[in-house]
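Participant: Before I ask anything, let me first share the structure, which is written out below as structure tokens.
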Amino acid sequence: MHGSRTWAAVFFFLLTTFSVASWSIEIQWYTPQVAEFDFSGDKLTQQWQQLHIEDRYALPTAESIKQRFTSNQKIQQVYAELAKQSDISAYYQNGEMNFAAMTAALLDTSRLLHSGKLEQAYAAGNKLGHFGLYVASQALYINTFFLEENLQKRDASFKYIVDNISAAEEIEPNDLSFQFMHIYALGRYVETKEFSMDMLAYYNLMNSSTKQLTKENHAHLGANLIRAAFWAQGSVKSPFLSRMRFGSTPARSIEHFDKILTEQPNTIIGHYTYADNLIKMGKNPDDQIKELEKAVAIKPWDVNSALSSQLAAKQLKSLQSQRKIASK
């Protein structure tokens, strides 16, 4: 699932843009209309497992940052060059990284993200370079998926995330968070596209990446949801080719959704995603409504889950209205 960029290209890429894509996009930032969430002090780390139930993003610690930095010469080179371009003395000076300071900054950035300060989280994450890229990408993803309605801007943002994460994967190819964010954003980019030969490379990548990620991490909720959604959408867009090439069938998708959500039911976006794909596959409205009711019954724990709940509630209201009209 890694790109074909040479290290030299990636190095220039990171050197000139602080770990963001070499092309730029115009981002319209929105303020999520959700309840306030308090992640001050130890509240963030105490809730970390719940906050990252879908993506399995590991809690940053001084020890984990130290291990990543000291064992990877490419990361060291990136920060050495970043120090020439910007004042990052708060956490890096003279070839040495202050791991405690970097960890504290990453946690503060996560506080911004989970409380809904998306633009601030994006800026703070990018300022932290390679180690902050995942949180910055999360902020842009949430802003785009839930709040941006313009299709062209959505496509541009998801593609932008994919390009950034692809570069990061060249530096840390075994990083689970980067692998997940890659297919997460790519999945959103692909889902609005027709199944065509022009898009086949993307579909091949989605298939191989989700297969590998779920094989190596059986219980990874987010990756399993993406794989089930991939099978559902393929079975709708191009039933024959998708079945022959990827094994995509409605039954396979439904079986996978049922399995993963039985094992890990406390996911708002999981139940919403299942319902959304049941709708796309034209399945029983009762099943669609059941999954949406499960989604809205779960109490949100941060901005991402709150926006997921709003999305599920909106879809549930629409289905109930349709049923009411049909019954007259």
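Just so we're on the same page: first chain in the structure tokens is A, next is B, and so on; residues restart at 1 for each chain, and ligands are numbered from 1 in the order they show up.
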Residues near A:Gln233, anyone? I mean within 9 Å using only C-alpha atoms, not counting same-chain ones fewer than 4 positions away, as a list of chain:residue names.

Facilitator: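 Non-adjacent residues within range: A:Glu191, A:Ala228, A:Ala229, A:Lys237, A:Ser238, A:Ser248, A:Pro250, A:Asn277, A:Lys280, A:Met281.
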
Participant: Could those residues be written to a file, using N, CA and C atoms, as a short mmCIF file (atom, residue, chain, number, x, y, z; two decimals), in the first residue's frame?

Facilitator:
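Output (result_11.cif):
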```
data_model
loop_
_atom_site.label_atom_id
_atom_site.label_comp_id
_atom_site.auth_asym_id
_atom_site.auth_seq_id
_atom_site.Cartn_x
_atom_site.Cartn_y
_atom_site.Cartn_z
N GLU A 191 -15.41 6.09 -2.72
CA GLU A 191 -16.81 5.71 -2.61
C GLU A 191 -17.75 6.53 -3.49
N ALA A 228 -15.62 -4.23 4.96
CA ALA A 228 -17.02 -4.61 4.73
C ALA A 228 -17.71 -3.60 3.81
N ALA A 229 -17.42 -2.32 3.99
CA ALA A 229 -18.01 -1.28 3.13
C ALA A 229 -17.49 -1.40 1.70
N LYS A 237 -21.76 -1.19 -7.39
CA LYS A 237 -21.25 -0.44 -8.54
C LYS A 237 -20.97 -1.33 -9.75
N SER A 238 -20.40 -2.49 -9.51
CA SER A 238 -20.07 -3.40 -10.60
C SER A 238 -20.14 -4.83 -10.08
N SER A 248 -16.46 -9.46 -3.91
CA SER A 248 -17.44 -8.58 -3.30
C SER A 248 -18.86 -9.06 -3.57
N PRO A 250 -23.01 -8.78 -1.59
CA PRO A 250 -23.76 -8.24 -0.45
C PRO A 250 -23.71 -9.16 0.77
N ASN A 277 -24.53 1.37 4.18
CA ASN A 277 -24.27 0.40 3.12
C ASN A 277 -25.45 -0.54 2.89
N LYS A 280 -27.44 1.46 0.50
CA LYS A 280 -26.86 1.42 -0.85
C LYS A 280 -27.12 0.08 -1.54
N MET A 281 -27.16 -0.99 -0.76
CA MET A 281 -27.41 -2.31 -1.33
C MET A 281 -28.90 -2.61 -1.48
#
```

Participant: Check stretch 17-167 of chain A with DSSP on the backbone and list each residue it calls strand (DSSP E or B), as a ChimeraX atom specification.

Facilitator: /A:92-93,96-97

Participant: Skipping near chain neighbours, those fewer than 4 positions away, what residues fall within 9 Å of A:Glu293 using only C-alpha atoms, listed as a VMD selection string?

Facilitator: chain A and resid 271 288 to 289 297 to 298 312 to 313 316

Participant: Would you kindly return, as a ChimeraX atom specification, each protein, DNA or RNA residue with an atom no farther than 10 Å from any atom of A:Leu311, considering only C-alpha atoms and excluding same-chain residues fewer than 6 positions away?

Facilitator: /A:146,268-269,272,292,295-296,305

Participant: May I ask for the distance between atom CA of A:Arg252 and atom CA of A:Ala232, given in Å to one decimal place?

Facilitator: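 Interatomic distance, atom CA of A:Arg252 to atom CA of A:Ala232: 8.1 Å.
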
Participant: Show me, as a PDB file with C-alpha atoms, in the first residue's frame, the residues that have an atom within 9 Å of A:Gln120 when counting only C-alpha atoms, minus same-chain residues fewer than 5 positions from it.

Facilitator:
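Result file follows (selection14.pdb):
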```pdb
ATOM      1  CA  THR A 109      -2.970  18.580  19.850  1.00  0.00           C
ATOM      2  CA  LEU A 112      -7.827  20.182  20.424  1.00  0.00           C
ATOM      3  CA  LEU A 113      -8.918  17.472  18.010  1.00  0.00           C
ATOM      4  CA  GLY A 125      -0.260  18.815  14.210  1.00  0.00           C
ATOM      5  CA  ALA A 139      -8.695  16.922  11.894  1.00  0.00           C
TER       6      ALA A 139
END
```

Participant: Using only C-alpha atoms, which of A:Glu172, A:Asn150, A:Tyr274, A:Arg111 sits nearest A:Glu36?

Facilitator: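 Comparing A:Glu172, A:Asn150, A:Tyr274, A:Arg111 against A:Glu36, the winner is A:Arg111.
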